[in-house]
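Participant: For reference, this is coords.pdb, and it has PDB, C-alpha atoms and all ligand atoms.
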```
ATOM      1  CA  MET A   1      14.858   9.329  -3.352  1.00  0.00           C
ATOM      2  CA  ARG A   2      13.559  12.859  -3.379  1.00  0.00           C
ATOM      3  CA  ALA A   3      12.673  15.082  -0.463  1.00  0.00           C
ATOM      4  CA  LEU A   4       8.969  15.649  -0.086  1.00  0.00           C
ATOM      5  CA  ALA A   5       7.721  18.569   2.009  1.00  0.00           C
ATOM      6  CA  TYR A   6       5.279  17.582   4.731  1.00  0.00           C
ATOM      7  CA  ALA A   7       2.544  19.727   3.166  1.00  0.00           C
ATOM      8  CA  ASP A   8       2.972  17.873  -0.149  1.00  0.00           C
ATOM      9  CA  TYR A   9       2.892  14.548   1.649  1.00  0.00           C
ATOM     10  CA  GLN A  10      -0.329  15.561   3.383  1.00  0.00           C
ATOM     11  CA  ALA A  11      -1.845  16.578   0.066  1.00  0.00           C
ATOM     12  CA  LEU A  12      -0.972  13.165  -1.408  1.00  0.00           C
ATOM     13  CA  ARG A  13      -2.439  11.262   1.523  1.00  0.00           C
ATOM     14  CA  SER A  14      -5.608  13.338   1.953  1.00  0.00           C
ATOM     15  CA  ASP A  15      -8.669  11.085   2.316  1.00  0.00           C
ATOM     16  CA  ALA A  16      -6.450   8.007   2.083  1.00  0.00           C
ATOM     17  CA  GLU A  17      -7.599   4.773   3.687  1.00  0.00           C
ATOM     18  CA  VAL A  18      -5.284   3.424   6.378  1.00  0.00           C
ATOM     19  CA  ILE A  19      -4.655  -0.228   5.513  1.00  0.00           C
ATOM     20  CA  GLU A  20      -2.077  -0.932   8.215  1.00  0.00           C
ATOM     21  CA  ALA A  21      -0.978   1.080  11.247  1.00  0.00           C
ATOM     22  CA  ASP A  22       0.854   0.431  14.476  1.00  0.00           C
ATOM     23  CA  PHE A  23       1.769   2.251  17.685  1.00  0.00           C
ATOM     24  CA  PHE A  24       4.016   4.635  15.739  1.00  0.00           C
ATOM     25  CA  GLY A  25       1.365   5.588  13.178  1.00  0.00           C
ATOM     26  CA  ASP A  26       0.370   4.823   9.602  1.00  0.00           C
ATOM     27  CA  LYS A  27       2.223   2.057   7.765  1.00  0.00           C
ATOM     28  CA  VAL A  28       0.283   1.378   4.569  1.00  0.00           C
ATOM     29  CA  LEU A  29      -2.162   3.805   2.921  1.00  0.00           C
ATOM     30  CA  ARG A  30      -4.515   3.372  -0.022  1.00  0.00           C
ATOM     31  CA  LEU A  31      -4.734   6.739  -1.771  1.00  0.00           C
ATOM     32  CA  THR A  32      -7.892   8.053  -3.374  1.00  0.00           C
ATOM     33  CA  ASP A  33      -6.543   7.159  -6.860  1.00  0.00           C
ATOM     34  CA  GLY A  34      -6.100   3.523  -5.789  1.00  0.00           C
ATOM     35  CA  ASN A  35      -2.304   3.673  -5.493  1.00  0.00           C
ATOM     36  CA  PHE A  36      -0.538   2.801  -2.257  1.00  0.00           C
ATOM     37  CA  MET A  37       2.057   4.437  -0.052  1.00  0.00           C
ATOM     38  CA  LYS A  38       4.095   2.420   2.398  1.00  0.00           C
ATOM     39  CA  LEU A  39       5.949   4.253   5.157  1.00  0.00           C
ATOM     40  CA  PHE A  40       9.231   3.254   6.743  1.00  0.00           C
ATOM     41  CA  ARG A  41      10.385   4.800   9.968  1.00  0.00           C
ATOM     42  CA  ARG A  42      13.916   6.122   9.960  1.00  0.00           C
ATOM     43  CA  LYS A  43      15.273   4.715  13.179  1.00  0.00           C
ATOM     44  CA  ARG A  44      18.900   5.292  13.975  1.00  0.00           C
ATOM     45  CA  LEU A  45      21.295   7.479  12.105  1.00  0.00           C
ATOM     46  CA  ILE A  46      23.945   4.807  11.813  1.00  0.00           C
ATOM     47  CA  SER A  47      22.404   1.670  10.403  1.00  0.00           C
ATOM     48  CA  SER A  48      22.366  -0.140   7.085  1.00  0.00           C
ATOM     49  CA  ALA A  49      18.926   1.428   6.540  1.00  0.00           C
ATOM     50  CA  ALA A  50      20.579   4.869   6.538  1.00  0.00           C
ATOM     51  CA  PHE A  51      22.838   3.833   3.653  1.00  0.00           C
ATOM     52  CA  PHE A  52      20.284   1.828   1.725  1.00  0.00           C
ATOM     53  CA  PRO A  53      16.841   2.859   2.972  1.00  0.00           C
ATOM     54  CA  TYR A  54      14.022   0.320   2.916  1.00  0.00           C
ATOM     55  CA  ALA A  55      11.966   2.432   0.520  1.00  0.00           C
ATOM     56  CA  LYS A  56      14.818   2.255  -1.986  1.00  0.00           C
ATOM     57  CA  ARG A  57      15.297  -1.453  -1.391  1.00  0.00           C
ATOM     58  CA  PHE A  58      11.604  -1.933  -2.133  1.00  0.00           C
ATOM     59  CA  ALA A  59      11.982  -0.064  -5.447  1.00  0.00           C
ATOM     60  CA  SER A  60      15.163  -1.861  -6.412  1.00  0.00           C
ATOM     61  CA  ASN A  61      13.692  -5.282  -5.564  1.00  0.00           C
ATOM     62  CA  ALA A  62      10.604  -4.467  -7.642  1.00  0.00           C
ATOM     63  CA  LEU A  63      12.792  -3.863 -10.709  1.00  0.00           C
ATOM     64  CA  THR A  64      14.765  -7.070 -10.236  1.00  0.00           C
ATOM     65  CA  LEU A  65      11.667  -9.185  -9.607  1.00  0.00           C
ATOM     66  CA  ARG A  66       9.994  -7.819 -12.755  1.00  0.00           C
ATOM     67  CA  LYS A  67      13.070  -8.647 -14.816  1.00  0.00           C
ATOM     68  CA  ARG A  68      12.855 -12.188 -13.491  1.00  0.00           C
ATOM     69  CA  GLY A  69       9.189 -12.511 -14.302  1.00  0.00           C
ATOM     70  CA  ILE A  70       7.790 -12.404 -10.763  1.00  0.00           C
ATOM     71  CA  PRO A  71       4.689 -10.205 -10.465  1.00  0.00           C
ATOM     72  CA  CYS A  72       5.026  -7.452  -7.837  1.00  0.00           C
ATOM     73  CA  PRO A  73       3.882  -3.855  -7.247  1.00  0.00           C
ATOM     74  CA  HIS A  74       4.887  -1.225  -9.782  1.00  0.00           C
ATOM     75  CA  VAL A  75       6.841   1.517  -8.014  1.00  0.00           C
ATOM     76  CA  LEU A  76       6.008   5.087  -8.992  1.00  0.00           C
ATOM     77  CA  ASP A  77       8.413   6.978  -6.733  1.00  0.00           C
ATOM     78  CA  THR A  78      10.250   7.031  -3.422  1.00  0.00           C
ATOM     79  CA  TYR A  79      10.334  10.000  -1.052  1.00  0.00           C
ATOM     80  CA  ARG A  80      11.937  11.158   2.149  1.00  0.00           C
ATOM     81  CA  VAL A  81       9.591  13.118   4.393  1.00  0.00           C
ATOM     82  CA  ALA A  82      12.058  14.630   6.846  1.00  0.00           C
ATOM     83  CA  ASP A  83       9.498  16.311   9.130  1.00  0.00           C
ATOM     84  CA  ILE A  84       7.997  12.994  10.156  1.00  0.00           C
ATOM     85  CA  SER A  85      11.217  10.920   9.809  1.00  0.00           C
ATOM     86  CA  ARG A  86       9.667   8.615   7.251  1.00  0.00           C
ATOM     87  CA  ASP A  87      10.756   7.200   3.936  1.00  0.00           C
ATOM     88  CA  VAL A  88       7.898   6.450   1.589  1.00  0.00           C
ATOM     89  CA  VAL A  89       7.446   4.160  -1.373  1.00  0.00           C
ATOM     90  CA  HIS A  90       4.570   5.090  -3.662  1.00  0.00           C
ATOM     91  CA  TYR A  91       3.328   2.234  -5.846  1.00  0.00           C
ATOM     92  CA  GLN A  92       0.550   0.714  -7.865  1.00  0.00           C
ATOM     93  CA  PRO A  93      -0.704  -2.317  -5.954  1.00  0.00           C
ATOM     94  CA  LEU A  94      -0.402  -5.735  -7.479  1.00  0.00           C
ATOM     95  CA  PRO A  95      -3.988  -6.613  -8.438  1.00  0.00           C
ATOM     96  CA  GLY A  96      -5.393  -9.675  -6.752  1.00  0.00           C
ATOM     97  CA  GLN A  97      -5.871 -11.148  -3.292  1.00  0.00           C
ATOM     98  CA  THR A  98      -3.291 -12.388  -0.830  1.00  0.00           C
ATOM     99  CA  LEU A  99      -3.233 -16.145  -0.275  1.00  0.00           C
ATOM    100  CA  ARG A 100      -4.153 -15.472   3.331  1.00  0.00           C
ATOM    101  CA  GLN A 101      -7.305 -13.688   2.188  1.00  0.00           C
ATOM    102  CA  LEU A 102      -8.071 -16.489  -0.291  1.00  0.00           C
ATOM    103  CA  ILE A 103      -7.758 -19.378   2.138  1.00  0.00           C
ATOM    104  CA  ALA A 104     -10.087 -17.659   4.593  1.00  0.00           C
ATOM    105  CA  ASP A 105     -12.723 -19.139   2.269  1.00  0.00           C
ATOM    106  CA  PRO A 106     -13.036 -22.889   3.019  1.00  0.00           C
ATOM    107  CA  ALA A 107     -13.407 -23.731  -0.686  1.00  0.00           C
ATOM    108  CA  HIS A 108      -9.985 -22.216  -1.367  1.00  0.00           C
ATOM    109  CA  PHE A 109      -8.502 -23.645   1.814  1.00  0.00           C
ATOM    110  CA  GLN A 110      -9.106 -27.132   0.456  1.00  0.00           C
ATOM    111  CA  ASP A 111      -8.091 -26.367  -3.118  1.00  0.00           C
ATOM    112  CA  ALA A 112      -5.252 -28.816  -3.825  1.00  0.00           C
ATOM    113  CA  ALA A 113      -4.259 -26.954  -6.994  1.00  0.00           C
ATOM    114  CA  LEU A 114      -3.581 -23.824  -4.963  1.00  0.00           C
ATOM    115  CA  ILE A 115      -1.165 -25.601  -2.610  1.00  0.00           C
ATOM    116  CA  THR A 116       0.591 -27.259  -5.552  1.00  0.00           C
ATOM    117  CA  LYS A 117       0.922 -23.897  -7.239  1.00  0.00           C
ATOM    118  CA  PHE A 118       2.380 -22.358  -4.111  1.00  0.00           C
ATOM    119  CA  GLY A 119       4.911 -25.226  -3.757  1.00  0.00           C
ATOM    120  CA  ARG A 120       6.044 -24.624  -7.301  1.00  0.00           C
ATOM    121  CA  PHE A 121       6.238 -20.872  -6.712  1.00  0.00           C
ATOM    122  CA  VAL A 122       8.482 -21.240  -3.651  1.00  0.00           C
ATOM    123  CA  ALA A 123      10.723 -23.678  -5.589  1.00  0.00           C
ATOM    124  CA  GLU A 124      10.988 -21.168  -8.441  1.00  0.00           C
ATOM    125  CA  LEU A 125      11.925 -18.362  -6.035  1.00  0.00           C
ATOM    126  CA  HIS A 126      14.652 -20.579  -4.603  1.00  0.00           C
ATOM    127  CA  ASN A 127      15.824 -21.666  -8.071  1.00  0.00           C
ATOM    128  CA  GLN A 128      16.167 -18.015  -9.009  1.00  0.00           C
ATOM    129  CA  GLY A 129      18.144 -17.168  -5.873  1.00  0.00           C
ATOM    130  CA  ILE A 130      15.359 -15.090  -4.340  1.00  0.00           C
ATOM    131  CA  TYR A 131      15.456 -15.138  -0.558  1.00  0.00           C
ATOM    132  CA  PHE A 132      12.305 -13.357   0.590  1.00  0.00           C
ATOM    133  CA  ARG A 133      12.564 -12.880   4.345  1.00  0.00           C
ATOM    134  CA  SER A 134       8.875 -11.987   4.678  1.00  0.00           C
ATOM    135  CA  LEU A 135       7.657 -15.159   2.981  1.00  0.00           C
ATOM    136  CA  HIS A 136       4.206 -15.792   4.380  1.00  0.00           C
ATOM    137  CA  LEU A 137       0.754 -16.027   2.871  1.00  0.00           C
ATOM    138  CA  GLY A 138      -0.077 -12.386   3.677  1.00  0.00           C
ATOM    139  CA  ASN A 139       2.667 -11.283   1.300  1.00  0.00           C
ATOM    140  CA  VAL A 140       1.858 -13.570  -1.644  1.00  0.00           C
ATOM    141  CA  VAL A 141      -0.830 -12.428  -4.073  1.00  0.00           C
ATOM    142  CA  MET A 142      -2.851 -14.439  -6.596  1.00  0.00           C
ATOM    143  CA  THR A 143      -3.298 -12.152  -9.609  1.00  0.00           C
ATOM    144  CA  PRO A 144      -6.334 -12.061 -11.910  1.00  0.00           C
ATOM    145  CA  GLU A 145      -4.085 -13.827 -14.481  1.00  0.00           C
ATOM    146  CA  ASN A 146      -3.890 -16.695 -12.002  1.00  0.00           C
ATOM    147  CA  GLU A 147      -0.214 -16.133 -11.310  1.00  0.00           C
ATOM    148  CA  LEU A 148       1.427 -15.828  -7.902  1.00  0.00           C
ATOM    149  CA  GLY A 149       3.373 -12.677  -7.050  1.00  0.00           C
ATOM    150  CA  LEU A 150       4.961 -10.895  -4.093  1.00  0.00           C
ATOM    151  CA  ILE A 151       4.133  -7.720  -2.161  1.00  0.00           C
ATOM    152  CA  ASP A 152       5.878  -6.207   0.885  1.00  0.00           C
ATOM    153  CA  ILE A 153       9.208  -6.655  -0.900  1.00  0.00           C
ATOM    154  CA  ALA A 154      11.553  -4.396   1.091  1.00  0.00           C
ATOM    155  CA  ASP A 155      13.418  -7.222   2.757  1.00  0.00           C
ATOM    156  CA  MET A 156      14.947  -9.733   0.379  1.00  0.00           C
ATOM    157  CA  LYS A 157      18.231 -10.907  -0.974  1.00  0.00           C
ATOM    158  CA  ILE A 158      18.437 -11.654  -4.692  1.00  0.00           C
ATOM    159  CA  LEU A 159      21.371 -13.762  -5.829  1.00  0.00           C
ATOM    160  CA  ARG A 160      22.408 -14.937  -9.269  1.00  0.00           C
ATOM    161  CA  ARG A 161      22.463 -18.612  -8.397  1.00  0.00           C
ATOM    162  CA  PRO A 162      19.972 -20.903  -6.658  1.00  0.00           C
ATOM    163  CA  LEU A 163      19.669 -20.393  -2.893  1.00  0.00           C
ATOM    164  CA  ARG A 164      21.953 -22.502  -0.815  1.00  0.00           C
ATOM    165  CA  LYS A 165      20.435 -25.197   1.321  1.00  0.00           C
ATOM    166  CA  SER A 166      20.573 -23.313   4.627  1.00  0.00           C
ATOM    167  CA  LEU A 167      18.627 -20.375   3.183  1.00  0.00           C
ATOM    168  CA  CYS A 168      15.957 -22.675   1.736  1.00  0.00           C
ATOM    169  CA  LEU A 169      15.571 -24.209   5.176  1.00  0.00           C
ATOM    170  CA  ARG A 170      15.416 -20.835   6.895  1.00  0.00           C
ATOM    171  CA  ASN A 171      12.776 -19.758   4.411  1.00  0.00           C
ATOM    172  CA  PHE A 172      10.612 -22.765   5.359  1.00  0.00           C
ATOM    173  CA  GLN A 173      11.002 -21.739   8.989  1.00  0.00           C
ATOM    174  CA  HIS A 174       9.556 -18.325   8.137  1.00  0.00           C
ATOM    175  CA  MET A 175       6.505 -20.086   6.756  1.00  0.00           C
ATOM    176  CA  ARG A 176       5.978 -21.998   9.983  1.00  0.00           C
ATOM    177  CA  ARG A 177       5.508 -18.903  12.142  1.00  0.00           C
ATOM    178  CA  TYR A 178       1.864 -18.373  11.271  1.00  0.00           C
ATOM    179  CA  LYS A 179      -0.394 -21.125  12.574  1.00  0.00           C
ATOM    180  CA  HIS A 180      -3.192 -20.813  10.067  1.00  0.00           C
ATOM    181  CA  ASP A 181      -0.782 -20.627   7.096  1.00  0.00           C
ATOM    182  CA  HIS A 182       0.920 -23.707   8.428  1.00  0.00           C
ATOM    183  CA  ALA A 183      -2.324 -25.610   8.838  1.00  0.00           C
ATOM    184  CA  TRP A 184      -3.102 -24.869   5.209  1.00  0.00           C
ATOM    185  CA  LEU A 185       0.305 -26.035   3.994  1.00  0.00           C
ATOM    186  CA  LEU A 186       0.340 -29.157   6.100  1.00  0.00           C
ATOM    187  CA  GLN A 187      -3.062 -30.556   5.258  1.00  0.00           C
ATOM    188  CA  LYS A 188      -2.793 -34.091   3.879  1.00  0.00           C
ATOM    189  CA  GLY A 189       0.529 -34.398   5.719  1.00  0.00           C
ATOM    190  CA  GLY A 190       2.150 -31.581   3.742  1.00  0.00           C
ATOM    191  CA  ASP A 191       2.621 -33.853   0.737  1.00  0.00           C
ATOM    192  CA  LEU A 192       0.870 -31.588  -1.741  1.00  0.00           C
ATOM    193  CA  PHE A 193       3.144 -28.667  -0.955  1.00  0.00           C
ATOM    194  CA  PHE A 194       6.408 -30.553  -0.650  1.00  0.00           C
ATOM    195  CA  ASP A 195       5.827 -32.893  -3.611  1.00  0.00           C
ATOM    196  CA  SER A 196       5.321 -29.856  -5.777  1.00  0.00           C
ATOM    197  CA  TYR A 197       8.334 -28.058  -4.273  1.00  0.00           C
ATOM    198  CA  ILE A 198      10.556 -31.087  -4.913  1.00  0.00           C
ATOM    199  CA  GLU A 199       9.201 -31.555  -8.433  1.00  0.00           C
ATOM    200  CA  HIS A 200      10.112 -27.989  -9.380  1.00  0.00           C
ATOM    201  CA  SER A 201      13.229 -27.422  -7.323  1.00  0.00           C
ATOM    202  CA  ALA A 202      16.495 -27.349  -9.276  1.00  0.00           C
ATOM    203  CA  HIS A 203      18.525 -27.865  -6.114  1.00  0.00           C
ATOM    204  CA  GLN A 204      20.876 -30.818  -6.156  1.00  0.00           C
ATOM    205  CA  TRP A 205      20.179 -31.425  -2.461  1.00  0.00           C
ATOM    206  CA  LYS A 206      16.445 -30.965  -2.651  1.00  0.00           C
ATOM    207  CA  ARG A 207      15.579 -34.263  -0.983  1.00  0.00           C
ATOM    208  CA  GLN A 208      17.982 -33.493   1.815  1.00  0.00           C
ATOM    209  CA  ILE A 209      16.432 -30.041   2.229  1.00  0.00           C
ATOM    210  CA  LEU A 210      13.073 -31.682   2.649  1.00  0.00           C
ATOM    211  CA  SER A 211      14.195 -34.312   5.132  1.00  0.00           C
ATOM    212  CA  GLU A 212      16.114 -31.760   7.216  1.00  0.00           C
ATOM    213  CA  HIS A 213      13.110 -29.488   7.201  1.00  0.00           C
ATOM    214  CA  LEU A 214      10.790 -32.276   8.303  1.00  0.00           C
ATOM    215  CA  ALA A 215      13.197 -33.319  11.063  1.00  0.00           C
ATOM    216  CA  SER A 216      13.417 -29.789  12.447  1.00  0.00           C
ATOM    217  CA  ALA A 217       9.664 -29.276  12.120  1.00  0.00           C
ATOM    218  CA  LYS A 218       9.108 -32.394  14.223  1.00  0.00           C
ATOM    219  CA  GLN A 219      11.337 -31.014  17.004  1.00  0.00           C
ATOM    220  CA  ALA A 220       9.643 -27.616  17.016  1.00  0.00           C
TER     221      ALA A 220
HETATM  222  N1  LIG B 301       0.776  -4.364  -3.809  1.00  0.00           N
HETATM  223  C1  LIG B 301      -0.293  -4.745  -3.128  1.00  0.00           C
HETATM  224  N2  LIG B 301      -1.270  -5.380  -3.735  1.00  0.00           N
HETATM  225  C2  LIG B 301      -2.339  -5.778  -3.060  1.00  0.00           C
HETATM  226  N3  LIG B 301      -2.532  -5.584  -1.765  1.00  0.00           N
HETATM  227  C3  LIG B 301      -1.596  -4.967  -1.100  1.00  0.00           C
HETATM  228  C4  LIG B 301      -0.425  -4.507  -1.752  1.00  0.00           C
HETATM  229  N4  LIG B 301       0.346  -3.911  -0.863  1.00  0.00           N
HETATM  230  C5  LIG B 301      -0.310  -4.001   0.323  1.00  0.00           C
HETATM  231  N5  LIG B 301      -1.490  -4.632   0.176  1.00  0.00           N
HETATM  232  C6  LIG B 301      -2.463  -4.881   1.233  1.00  0.00           C
HETATM  233  O1  LIG B 301      -2.014  -4.205   2.361  1.00  0.00           O
HETATM  234  C7  LIG B 301      -1.706  -5.129   3.386  1.00  0.00           C
HETATM  235  C8  LIG B 301      -0.427  -4.733   4.094  1.00  0.00           C
HETATM  236  O2  LIG B 301       0.603  -4.524   3.161  1.00  0.00           O
HETATM  237  P1  LIG B 301       2.086  -5.007   3.323  1.00  0.00           P
HETATM  238  O3  LIG B 301       2.904  -4.321   2.278  1.00  0.00           O
HETATM  239  O4  LIG B 301       2.136  -6.491   3.357  1.00  0.00           O
HETATM  240  O5  LIG B 301       2.505  -4.367   4.725  1.00  0.00           O
HETATM  241  P2  LIG B 301       2.766  -4.951   6.182  1.00  0.00           P
HETATM  242  O6  LIG B 301       2.731  -6.446   6.104  1.00  0.00           O
HETATM  243  O7  LIG B 301       4.117  -4.429   6.536  1.00  0.00           O
HETATM  244  O8  LIG B 301       1.687  -4.369   7.005  1.00  0.00           O
HETATM  245  C9  LIG B 301      -1.568  -6.473   2.719  1.00  0.00           C
HETATM  246  O9  LIG B 301      -1.922  -7.533   3.580  1.00  0.00           O
HETATM  247  C10 LIG B 301      -2.531  -6.357   1.569  1.00  0.00           C
HETATM  248  O10 LIG B 301      -3.827  -6.706   1.969  1.00  0.00           O
HETATM  249 MG    MG B 302       2.998  -7.810   4.693  1.00  0.00          MG
END
```
Once more with this new file: its structure as structure tokens, please.

Facilitator:
Amino acid sequence: MRALAYADYQALRSDAEVIEADFFGDKVLRLTDGNFMKLFRRKRLISSAAFFPYAKRFASNALTLRKRGIPCPHVLDTYRVADISRDVVHYQPLPGQTLRQLIADPAHFQDAALITKFGRFVAELHNQGIYFRSLHLGNVVMTPENELGLIDIADMKILRRPLRKSLCLRNFQHMRRYKHDHAWLLQKGGDLFFDSYIEHSAHQWKRQILSEHLASAKQA
């Protein structure tokens, strides 16, 4: 990760569109050339983020995901902008629309093929040992090639073997946090999503994963 002077950072971001911001300032910028910059705040000096900053994790995850055939943003560079205590990842966006954007349209909301495709996608992530902590429909993109891919990829664990059962279950819990996402997944009793997940999962305990998930969902 190279140091970027504040003046050079400002030159890069001039006339950029702010896509996401919070109390602390800009989070995601669309630059005038169409590329993106995502900013990570450097919080404490002593934390795992100091040793392996999120901007670098984003770049490293992008390489691994590409190798495994999962579409994701193409990282151009990572920077540290000391004057504003930010780490920055500069990338080409993954073309397409997030699933959350897509299902805002009622025709897509009811598209059974889309839910089936998403069930298969989640099963394939789990088969490949990809534990994506930010798994929700705002971070999954449908590309113009009609493939699903991931954005917002700073926070994931990528293992060499299929995810163990507890991580699959925790990943389903992540998906339950957003009401509208959940309503989409659970239409027709959730069968479309889970039938597809089970069909494509390579996990030896896949049926147990499903029944444990359904039991905990009922309690929640
Ligand atoms: N690679 C990308 N491809 C397409 N859209 C993106 C991409 N990265 C970010 N976006 C857009 O910016 C929004 C926020 O980006 P994201 O990386 O998910 O940040 P966060 O969720 O932390 O705000 C997304 O919902 C999406 O609309
Ligand atoms: Mg996001």

Participant: Quick one: residues within 6 Å of ligand MG 302 (chain B), with only C-alpha atoms and all ligand atoms, as an NGL selection string?

Facilitator: :A and (138-139 or 152)

Participant: For the file shown, report as a list in words the outcome of the PyMOL selection byres (((chain A and resi 38) around 10) and not hetatm) at residue level.

Facilitator: Ile19, Glu20, Asp26, Lys27, Val28, Leu29, Arg30, Phe36, Met37, Leu39, Phe40, Ala55, Phe58, Thr78, Arg86, Asp87, Val88, Val89, His90, Tyr91 and Asp152 of chain A

Participant: Quick one: distance from CA of Leu114 in chain A to CA of Leu137 in chain A in Å, one decimal?

Facilitator: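 Going from CA of Leu114 in chain A over to CA of Leu137 in chain A covers 11.9 Å.
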
Participant: Taking into account all atoms listed in the file, which residue in the set A:Ile84, A:Leu31, A:Ile115, A:Ile103 is nearest to Asp15 in chain A?

Facilitator: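 Among A:Ile84, A:Leu31, A:Ile115, A:Ile103, it is A:Leu31 that comes nearest to Asp15 in chain A.
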
Participant: I'd like the neighbourhood of range 65-77 of chain A as a PyMOL selection string, where a residue qualifies if any of its atoms comes within 9 Å (using all atoms listed in the file), though same-chain residues fewer than 6 positions away should be ignored.

Facilitator: chain A and resi 1-2+58-59+88-95+125+128+130+141+143+147-153+158

Participant: Because the input lacks atoms here, generate all heavy atoms for range 182-188 of chain A and report them as an mmCIF file, keeping the file's coordinate frame.

Facilitator:
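As a result, selection_18.cif now contains:
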```cif
data_model
loop_
_atom_site.group_PDB
_atom_site.id
_atom_site.type_symbol
_atom_site.label_atom_id
_atom_site.label_comp_id
_atom_site.auth_asym_id
_atom_site.auth_seq_id
_atom_site.Cartn_x
_atom_site.Cartn_y
_atom_site.Cartn_z
ATOM 1 N N HIS A 182 0.276 -22.414 8.279
ATOM 2 C CA HIS A 182 0.920 -23.707 8.428
ATOM 3 C C HIS A 182 -0.096 -24.840 8.315
ATOM 4 O O HIS A 182 0.153 -25.860 7.690
ATOM 5 C CB HIS A 182 1.621 -23.714 9.786
ATOM 6 C CG HIS A 182 2.713 -24.699 9.863
ATOM 7 N ND1 HIS A 182 3.051 -25.343 11.014
ATOM 8 C CD2 HIS A 182 3.543 -25.171 8.911
ATOM 9 C CE1 HIS A 182 4.041 -26.173 10.769
ATOM 10 N NE2 HIS A 182 4.364 -26.091 9.508
ATOM 11 N N ALA A 183 -1.262 -24.604 8.910
ATOM 12 C CA ALA A 183 -2.324 -25.610 8.838
ATOM 13 C C ALA A 183 -2.736 -25.833 7.385
ATOM 14 O O ALA A 183 -3.000 -26.960 6.956
ATOM 15 C CB ALA A 183 -3.525 -25.153 9.662
ATOM 16 N N TRP A 184 -2.753 -24.764 6.637
ATOM 17 C CA TRP A 184 -3.102 -24.869 5.209
ATOM 18 C C TRP A 184 -2.046 -25.697 4.460
ATOM 19 O O TRP A 184 -2.365 -26.643 3.746
ATOM 20 C CB TRP A 184 -3.214 -23.474 4.592
ATOM 21 C CG TRP A 184 -3.498 -23.482 3.122
ATOM 22 C CD1 TRP A 184 -4.641 -23.936 2.525
ATOM 23 C CD2 TRP A 184 -2.635 -23.046 2.063
ATOM 24 N NE1 TRP A 184 -4.536 -23.789 1.143
ATOM 25 C CE2 TRP A 184 -3.319 -23.238 0.852
ATOM 26 C CE3 TRP A 184 -1.350 -22.488 2.038
ATOM 27 C CZ2 TRP A 184 -2.772 -22.914 -0.390
ATOM 28 C CZ3 TRP A 184 -0.802 -22.153 0.812
ATOM 29 C CH2 TRP A 184 -1.507 -22.363 -0.387
ATOM 30 N N LEU A 185 -0.787 -25.349 4.700
ATOM 31 C CA LEU A 185 0.305 -26.035 3.994
ATOM 32 C C LEU A 185 0.391 -27.508 4.357
ATOM 33 O O LEU A 185 0.741 -28.340 3.520
ATOM 34 C CB LEU A 185 1.647 -25.403 4.372
ATOM 35 C CG LEU A 185 1.984 -24.108 3.691
ATOM 36 C CD1 LEU A 185 3.304 -23.571 4.227
ATOM 37 C CD2 LEU A 185 2.096 -24.337 2.188
ATOM 38 N N LEU A 186 0.091 -27.792 5.624
ATOM 39 C CA LEU A 186 0.340 -29.157 6.100
ATOM 40 C C LEU A 186 -0.843 -30.096 5.966
ATOM 41 O O LEU A 186 -0.772 -31.250 6.368
ATOM 42 C CB LEU A 186 0.812 -29.121 7.554
ATOM 43 C CG LEU A 186 2.258 -28.663 7.718
ATOM 44 C CD1 LEU A 186 2.777 -29.052 9.075
ATOM 45 C CD2 LEU A 186 3.158 -29.220 6.622
ATOM 46 N N GLN A 187 -1.948 -29.614 5.408
ATOM 47 C CA GLN A 187 -3.062 -30.556 5.258
ATOM 48 C C GLN A 187 -2.622 -31.708 4.347
ATOM 49 O O GLN A 187 -1.731 -31.543 3.517
ATOM 50 C CB GLN A 187 -4.316 -29.859 4.734
ATOM 51 C CG GLN A 187 -4.135 -29.154 3.411
ATOM 52 C CD GLN A 187 -5.392 -28.385 3.034
ATOM 53 O OE1 GLN A 187 -6.475 -28.930 2.984
ATOM 54 N NE2 GLN A 187 -5.232 -27.097 2.797
ATOM 55 N N LYS A 188 -3.205 -32.856 4.546
ATOM 56 C CA LYS A 188 -2.793 -34.091 3.879
ATOM 57 C C LYS A 188 -1.295 -34.374 4.114
ATOM 58 O O LYS A 188 -0.561 -34.785 3.222
ATOM 59 C CB LYS A 188 -3.088 -34.030 2.378
ATOM 60 C CG LYS A 188 -4.551 -33.700 2.057
ATOM 61 C CD LYS A 188 -4.860 -34.053 0.624
ATOM 62 C CE LYS A 188 -6.162 -33.587 0.069
ATOM 63 N NZ LYS A 188 -7.158 -32.972 0.869
#
```
